[in-house]
Every structure is written in structure tokens, then in C-alpha cells.
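File shown: model01.txt (compact mmCIF, C-alpha atoms).
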```txt
# COMPACT_ATOMS: atom_id res chain seq x y z
CA MET N 16 -63.21 -37.14 -0.65
CA ARG N 17 -60.76 -35.15 1.36
CA ARG N 18 -57.59 -33.49 0.20
CA MET N 19 -54.72 -32.61 2.46
CA PHE N 20 -53.34 -29.08 2.62
CA ASN N 21 -50.66 -28.20 5.15
CA GLY N 22 -51.74 -31.19 7.23
CA TYR N 23 -55.43 -30.22 7.22
CA GLN N 24 -58.09 -32.33 5.57
CA ARG N 25 -60.24 -30.52 3.03
CA LYS N 26 -63.65 -31.59 1.86
CA PRO N 27 -65.46 -30.10 -1.15
CA ARG N 28 -68.27 -27.84 0.01
CA GLN N 29 -70.01 -24.58 -0.70
CA ALA N 30 -68.24 -21.59 0.78
CA CYS N 31 -71.52 -19.69 1.05
CA THR N 32 -72.95 -22.17 3.57
CA ALA N 33 -69.83 -22.81 5.64
CA LEU N 34 -69.89 -21.51 9.19
CA ILE N 35 -66.40 -20.18 9.82
CA ASP N 36 -66.37 -21.03 13.52
CA LYS N 37 -67.14 -24.69 12.69
CA LEU N 38 -64.24 -25.08 10.25
CA GLU N 39 -60.72 -26.22 10.98
CA GLN N 40 -58.36 -23.26 11.19
CA PRO N 41 -56.74 -21.85 9.20
CA VAL N 42 -59.49 -21.68 6.58
CA HIS N 43 -58.28 -22.32 3.05
CA LEU N 44 -60.55 -21.13 0.23
CA GLU N 45 -59.97 -22.23 -3.37
CA PRO N 46 -62.04 -22.70 -6.55
CA MET N 47 -63.37 -26.12 -7.53
CA ARG N 48 -60.80 -28.15 -9.45
CA THR N 49 -63.33 -30.02 -11.56
CA PHE N 50 -64.22 -26.92 -13.56
CA PRO N 51 -61.93 -24.50 -15.39
CA VAL N 52 -61.18 -21.36 -13.39
CA VAL N 53 -62.48 -18.18 -15.01
CA ARG N 54 -61.10 -15.76 -12.44
CA ASP N 55 -60.31 -15.87 -8.72
CA LEU N 56 -62.95 -18.21 -7.27
CA ILE N 57 -65.22 -18.15 -10.34
CA VAL N 58 -65.39 -21.41 -12.28
CA ASP N 59 -66.93 -22.32 -15.63
CA ARG N 60 -69.60 -24.94 -14.95
CA SER N 61 -70.57 -25.31 -18.62
CA ARG N 62 -69.45 -28.97 -18.50
CA MET N 63 -72.26 -29.72 -16.06
CA PHE N 64 -74.81 -27.70 -18.01
CA ALA N 65 -73.81 -29.47 -21.25
CA ALA N 66 -74.42 -32.81 -19.53
CA LEU N 67 -77.88 -31.61 -18.39
CA LYS N 68 -78.64 -30.66 -22.00
CA LYS N 69 -77.37 -34.01 -23.27
CA VAL N 70 -79.77 -35.90 -20.99
CA LYS N 71 -82.63 -33.44 -21.63
CA ALA N 72 -83.09 -32.68 -17.93
CA TRP N 73 -86.43 -30.97 -18.43
CA ILE N 74 -89.98 -31.80 -19.39
CA PRO N 75 -90.59 -30.60 -22.95
CA ILE N 76 -93.78 -28.60 -22.99
CA ASP N 77 -93.93 -25.84 -25.56
CA GLY N 78 -96.49 -23.66 -23.74
CA THR N 79 -98.56 -22.93 -26.81
CA TYR N 80 -101.75 -24.11 -25.16
CA ASP N 81 -103.12 -24.64 -21.68
CA LEU N 82 -102.60 -28.22 -20.61
CA GLY N 83 -104.71 -27.91 -17.49
CA PRO N 84 -103.65 -29.51 -14.23
CA GLY N 85 -100.74 -31.90 -14.53
CA PRO N 86 -100.97 -35.63 -13.86
CA ARG N 87 -100.87 -36.71 -10.25
CA MET N 88 -98.00 -38.65 -8.77
CA ALA N 89 -98.41 -41.20 -6.02
CA GLU N 90 -97.45 -39.67 -2.66
CA SER N 91 -94.57 -42.09 -2.06
CA LYS N 92 -93.11 -41.36 -5.50
CA ARG N 93 -93.64 -37.62 -5.05
CA GLN N 94 -91.72 -37.65 -1.76
CA TRP N 95 -88.53 -39.21 -3.16
CA ALA N 96 -88.84 -37.12 -6.34
CA TYR N 97 -88.95 -34.02 -4.15
CA GLU N 98 -85.64 -35.08 -2.58
CA LEU N 99 -84.07 -35.28 -6.05
CA SER N 100 -85.57 -31.93 -7.06
CA LYS N 101 -83.58 -30.17 -4.32
CA CYS N 102 -80.50 -30.16 -6.58
CA MET N 103 -79.21 -26.60 -7.04
CA THR N 104 -76.60 -27.57 -9.66
CA CYS N 105 -73.86 -26.27 -7.39
CA GLY N 106 -71.38 -28.87 -8.66
CA VAL N 107 -70.07 -29.98 -5.27
CA CYS N 108 -70.94 -33.61 -6.07
CA LEU N 109 -68.90 -33.38 -9.27
CA GLU N 110 -66.01 -31.84 -7.34
CA ALA N 111 -66.08 -34.73 -4.85
CA CYS N 112 -66.33 -37.44 -7.50
CA PRO N 113 -62.93 -38.96 -8.36
CA ASN N 114 -64.30 -39.98 -11.79
CA VAL N 115 -65.10 -36.41 -12.88
CA ASN N 116 -61.86 -34.82 -14.01
CA SER N 117 -60.10 -33.36 -17.02
CA LYS N 118 -59.05 -36.84 -18.21
CA SER N 119 -62.58 -38.24 -18.09
CA ASP N 120 -65.79 -37.48 -19.94
CA PHE N 121 -68.00 -38.83 -17.12
CA MET N 122 -70.95 -36.46 -16.74
CA GLY N 123 -71.17 -36.95 -12.98
CA PRO N 124 -73.87 -37.68 -10.42
CA ALA N 125 -75.99 -34.50 -10.68
CA PRO N 126 -77.07 -34.97 -14.33
CA LEU N 127 -77.67 -38.68 -13.71
CA SER N 128 -79.91 -37.94 -10.75
CA GLN N 129 -81.85 -35.43 -12.85
CA VAL N 130 -82.49 -38.18 -15.42
CA ARG N 131 -84.11 -40.26 -12.70
CA LEU N 132 -86.17 -37.29 -11.51
CA PHE N 133 -87.53 -36.41 -14.94
CA ASN N 134 -88.07 -40.04 -15.96
CA ALA N 135 -90.21 -40.53 -12.84
CA HIS N 136 -92.51 -37.62 -13.64
CA PRO N 137 -95.70 -38.74 -15.45
CA THR N 138 -95.17 -36.15 -18.20
CA GLY N 139 -91.41 -36.66 -18.37
CA GLU N 140 -91.80 -40.40 -18.93
CA MET N 141 -92.48 -39.76 -22.62
CA ASN N 142 -88.74 -39.06 -23.08
CA LYS N 143 -87.49 -41.79 -20.75
CA ALA N 144 -85.98 -44.00 -23.46
CA GLU N 145 -84.18 -41.03 -25.01
CA ARG N 146 -82.70 -39.98 -21.66
CA LEU N 147 -81.62 -43.53 -20.82
CA HIS N 148 -79.99 -43.85 -24.23
CA ALA N 149 -78.07 -40.61 -23.58
CA ILE N 150 -76.63 -41.93 -20.30
CA MET N 151 -75.69 -45.23 -21.94
CA GLU N 152 -73.33 -43.39 -24.30
CA ASP N 153 -69.72 -42.46 -23.59
CA GLY N 154 -69.40 -40.30 -20.50
CA GLY N 155 -72.61 -41.71 -19.07
CA ILE N 156 -73.51 -44.02 -16.24
CA GLN N 157 -70.71 -46.52 -16.87
CA GLY N 158 -68.24 -43.87 -15.68
CA CYS N 159 -69.50 -44.07 -12.09
CA GLY N 160 -67.08 -45.89 -9.81
CA ASN N 161 -69.53 -45.85 -6.87
CA SER N 162 -67.12 -44.09 -4.52
CA GLN N 163 -70.13 -42.46 -2.79
CA ASN N 164 -68.23 -39.20 -2.28
CA CYS N 165 -71.06 -37.39 -4.03
CA VAL N 166 -73.58 -38.39 -1.37
CA GLN N 167 -71.24 -37.41 1.46
CA SER N 168 -70.57 -33.98 -0.04
CA CYS N 169 -74.01 -33.00 -1.37
CA PRO N 170 -75.16 -29.94 0.62
CA LYS N 171 -78.80 -30.99 0.16
CA GLY N 172 -78.32 -34.64 1.15
CA ILE N 173 -79.63 -35.93 -2.18
CA PRO N 174 -79.40 -39.74 -2.45
CA LEU N 175 -77.32 -39.61 -5.63
CA THR N 176 -75.99 -43.18 -5.57
CA THR N 177 -79.53 -44.50 -5.06
CA SER N 178 -80.50 -42.72 -8.28
CA ILE N 179 -77.48 -44.11 -10.08
CA ALA N 180 -78.32 -47.64 -8.94
CA ALA N 181 -81.92 -47.25 -10.14
CA LEU N 182 -80.66 -45.91 -13.48
CA ASN N 183 -78.31 -48.88 -13.84
CA ARG N 184 -81.35 -51.12 -13.54
CA ASP N 185 -83.36 -48.99 -15.99
CA THR N 186 -80.57 -48.96 -18.59
CA PHE N 187 -80.21 -52.73 -18.31
CA VAL N 188 -83.95 -53.20 -18.83
CA GLN N 189 -83.85 -50.86 -21.83
CA SER N 190 -80.84 -52.60 -23.40
CA PHE N 191 -82.01 -56.16 -22.64
CA PRO N 192 -84.17 -56.57 -25.78
CA ARG N 193 -81.29 -55.36 -27.98
CA LEU N 194 -79.16 -58.25 -26.70
CA PHE N 195 -81.51 -60.75 -28.33
CA TRP N 196 -83.14 -58.97 -31.26
CA GLN N 197 -80.29 -57.23 -33.04
```
The structure in this file should be written as C-alpha cells.
Amino acid sequence: MRRMFNGYQRKPRQACTALIDKLEQPVHLEPMRTFPVVRDLIVDRSRMFAALKKVKAWIPIDGTYDLGPGPRMAESKRQWAYELSKCMTCGVCLEACPNVNSKSDFMGPAPLSQVRLFNAHPTGEMNKAERLHAIMEDGGIQGCGNSQNCVQSCPKGIPLTTSIAALNRDTFVQSFPRLFWQ
């Protein structure tokens, strides 16, 4: 997604990683539009954090006793899970997504990708159905228009639309029995 400003194309990105000499001049710096502005360039990303809470983007372990070494993941699964774990919750993917805005309740690609990451973990699988149910509700996966702007803008190169496609399949499989036995 690119916006025009004084004839220059702008692409959502992190200011902290931008190399000034590689940018089109003049450089225009502004806060993300997806999130409410707190002050100057500071934005309130609580919308994204609320979505992460809604989908329980963590593995619930209470820490009251030693669980020993965790379960092993197959190397191929571990490698793509590592790619998803690179998310820094910067919000650039939400800024680039045309479906995340003040008129929409779509949670965006970052929380969805975290659902896939935690559902793939052997310990996180115990909450898979609960997470999938959360993304099947309003503001969930059905809000994705597959514009792929999130993938193009992600500073870590996370395959967000691949995760969303896999979650579409998982939510269909989860909802399939309800179509016949309700």
C-alpha cells in the first residue's frame, strides 16, 4: 500500500530502520493512521494488543511446577514456526492493511499469524479450538481481503498471508462438523 504525498509515494514502514540516504527526498515522517495518536509520533497500539489477548496468543503455563524439557517439534515445522515468531508487534502490517481501519473491527494479520504460531506448538495445541473459535468471530479472519500489503510491508518478511490461508483451512475443518450436527 502506498499513499501519495506531494507527488511522492509513501509506504508504511518503521522509521527506526529506514536508511535516510535510501529514501525518496524530501522525507516525510508521520504517525501510523491505523492507531489513535497519543502525541507527536506516539500511537496507541492497544487495539492490536487487545486482539492478541482475544486470540490468546500465548501458551498457558502457570509456572507452579517444573515441566521439564518441552516437547520436540519436527525440524521442518520448527523452521517455519521460527519465521512466524520473528513478529515484533510493530503494527506495520496493520498500517498497510486496507481492512484495518476505524470503520472496521478486523484484528489484522499479526494476531492471526500468532494464532497459527501458537496452534502449531505442541503445548499450544491444547488451546487450538479456542483460538480458532476466536478468529471465527466478528473482526476475525473473514475480515481479510487478501490484499497482501501486509507481506510487502512486514519488516521481518513474515509470510502473513500464508498463515491466513492455513487458518482459513483450519477454521473450515473446525466448523465442518457443526454444519451437519447442529
Inset, instruction - Quick one: everything within 6 Å of range 108-113 of chain N, counting all atoms listed in the file, minus sequence neighbours fewer than 6 positions away in the same chain. Send it as number ranges by chain. - result: N: 16, 27, 49, 123, 164-165, 169
Emit the selected residues as an mmCIF file, in the coordinates of the input, including C-alpha atoms.
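After the write, selection28.cif holds the following:
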```
data_model
loop_
_atom_site.group_PDB
_atom_site.id
_atom_site.type_symbol
_atom_site.label_atom_id
_atom_site.label_comp_id
_atom_site.auth_asym_id
_atom_site.auth_seq_id
_atom_site.Cartn_x
_atom_site.Cartn_y
_atom_site.Cartn_z
ATOM 1 C CA MET N 16 -63.210 -37.140 -0.650
ATOM 2 C CA PRO N 27 -65.460 -30.100 -1.150
ATOM 3 C CA THR N 49 -63.330 -30.020 -11.560
ATOM 4 C CA GLY N 123 -71.170 -36.950 -12.980
ATOM 5 C CA ASN N 164 -68.230 -39.200 -2.280
ATOM 6 C CA CYS N 165 -71.060 -37.390 -4.030
ATOM 7 C CA CYS N 169 -74.010 -33.000 -1.370
#
```
Inset, instruction - Name the closest residue to Cys102 in chain N among the candidates N:Arg28, N:Arg87, N:Lys171, N:Lys71; distances are taken between atoms, counting all atoms listed in the file. - result: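 Answer, going by the shortest atom-to-atom distance: N:Lys171.
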Inset, instruction - State, in Å with one decimal place, the distance from CA of Val70 in chain N to CA of Arg146 in chain N. - result: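 Separating CA of Val70 in chain N from CA of Arg146 in chain N is a distance of 5.1 Å.
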Legend entry - Pick from N:Leu132, N:Met141, N:Ala180, N:Met151 nearest to Lys92 in chain N, counting only C-alpha atoms: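 Closest to Lys92 in chain N of all the choices is N:Leu132.
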Inset, instruction - Could you please determine the separation between CA of Arg131 in chain N and CA of Leu182 in chain N in Å, to one decimal place? - result: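 Interatomic distance, CA of Arg131 in chain N to CA of Leu182 in chain N: 6.7 Å.
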Inset, instruction - Report the distance between CA of Leu127 in chain N and CA of Ile150 in chain N in Å, rounded to one decimal place. - result: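 It comes out at 7.4 Å.
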Inset, instruction - Name the closest residue to Trp73 in chain N among the candidates N:Val130, N:Ala125, N:Val52, N:Leu38; distances are taken between atoms, counting all atoms listed in the file. - result: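 Answer, going by the shortest atom-to-atom distance: N:Val130.
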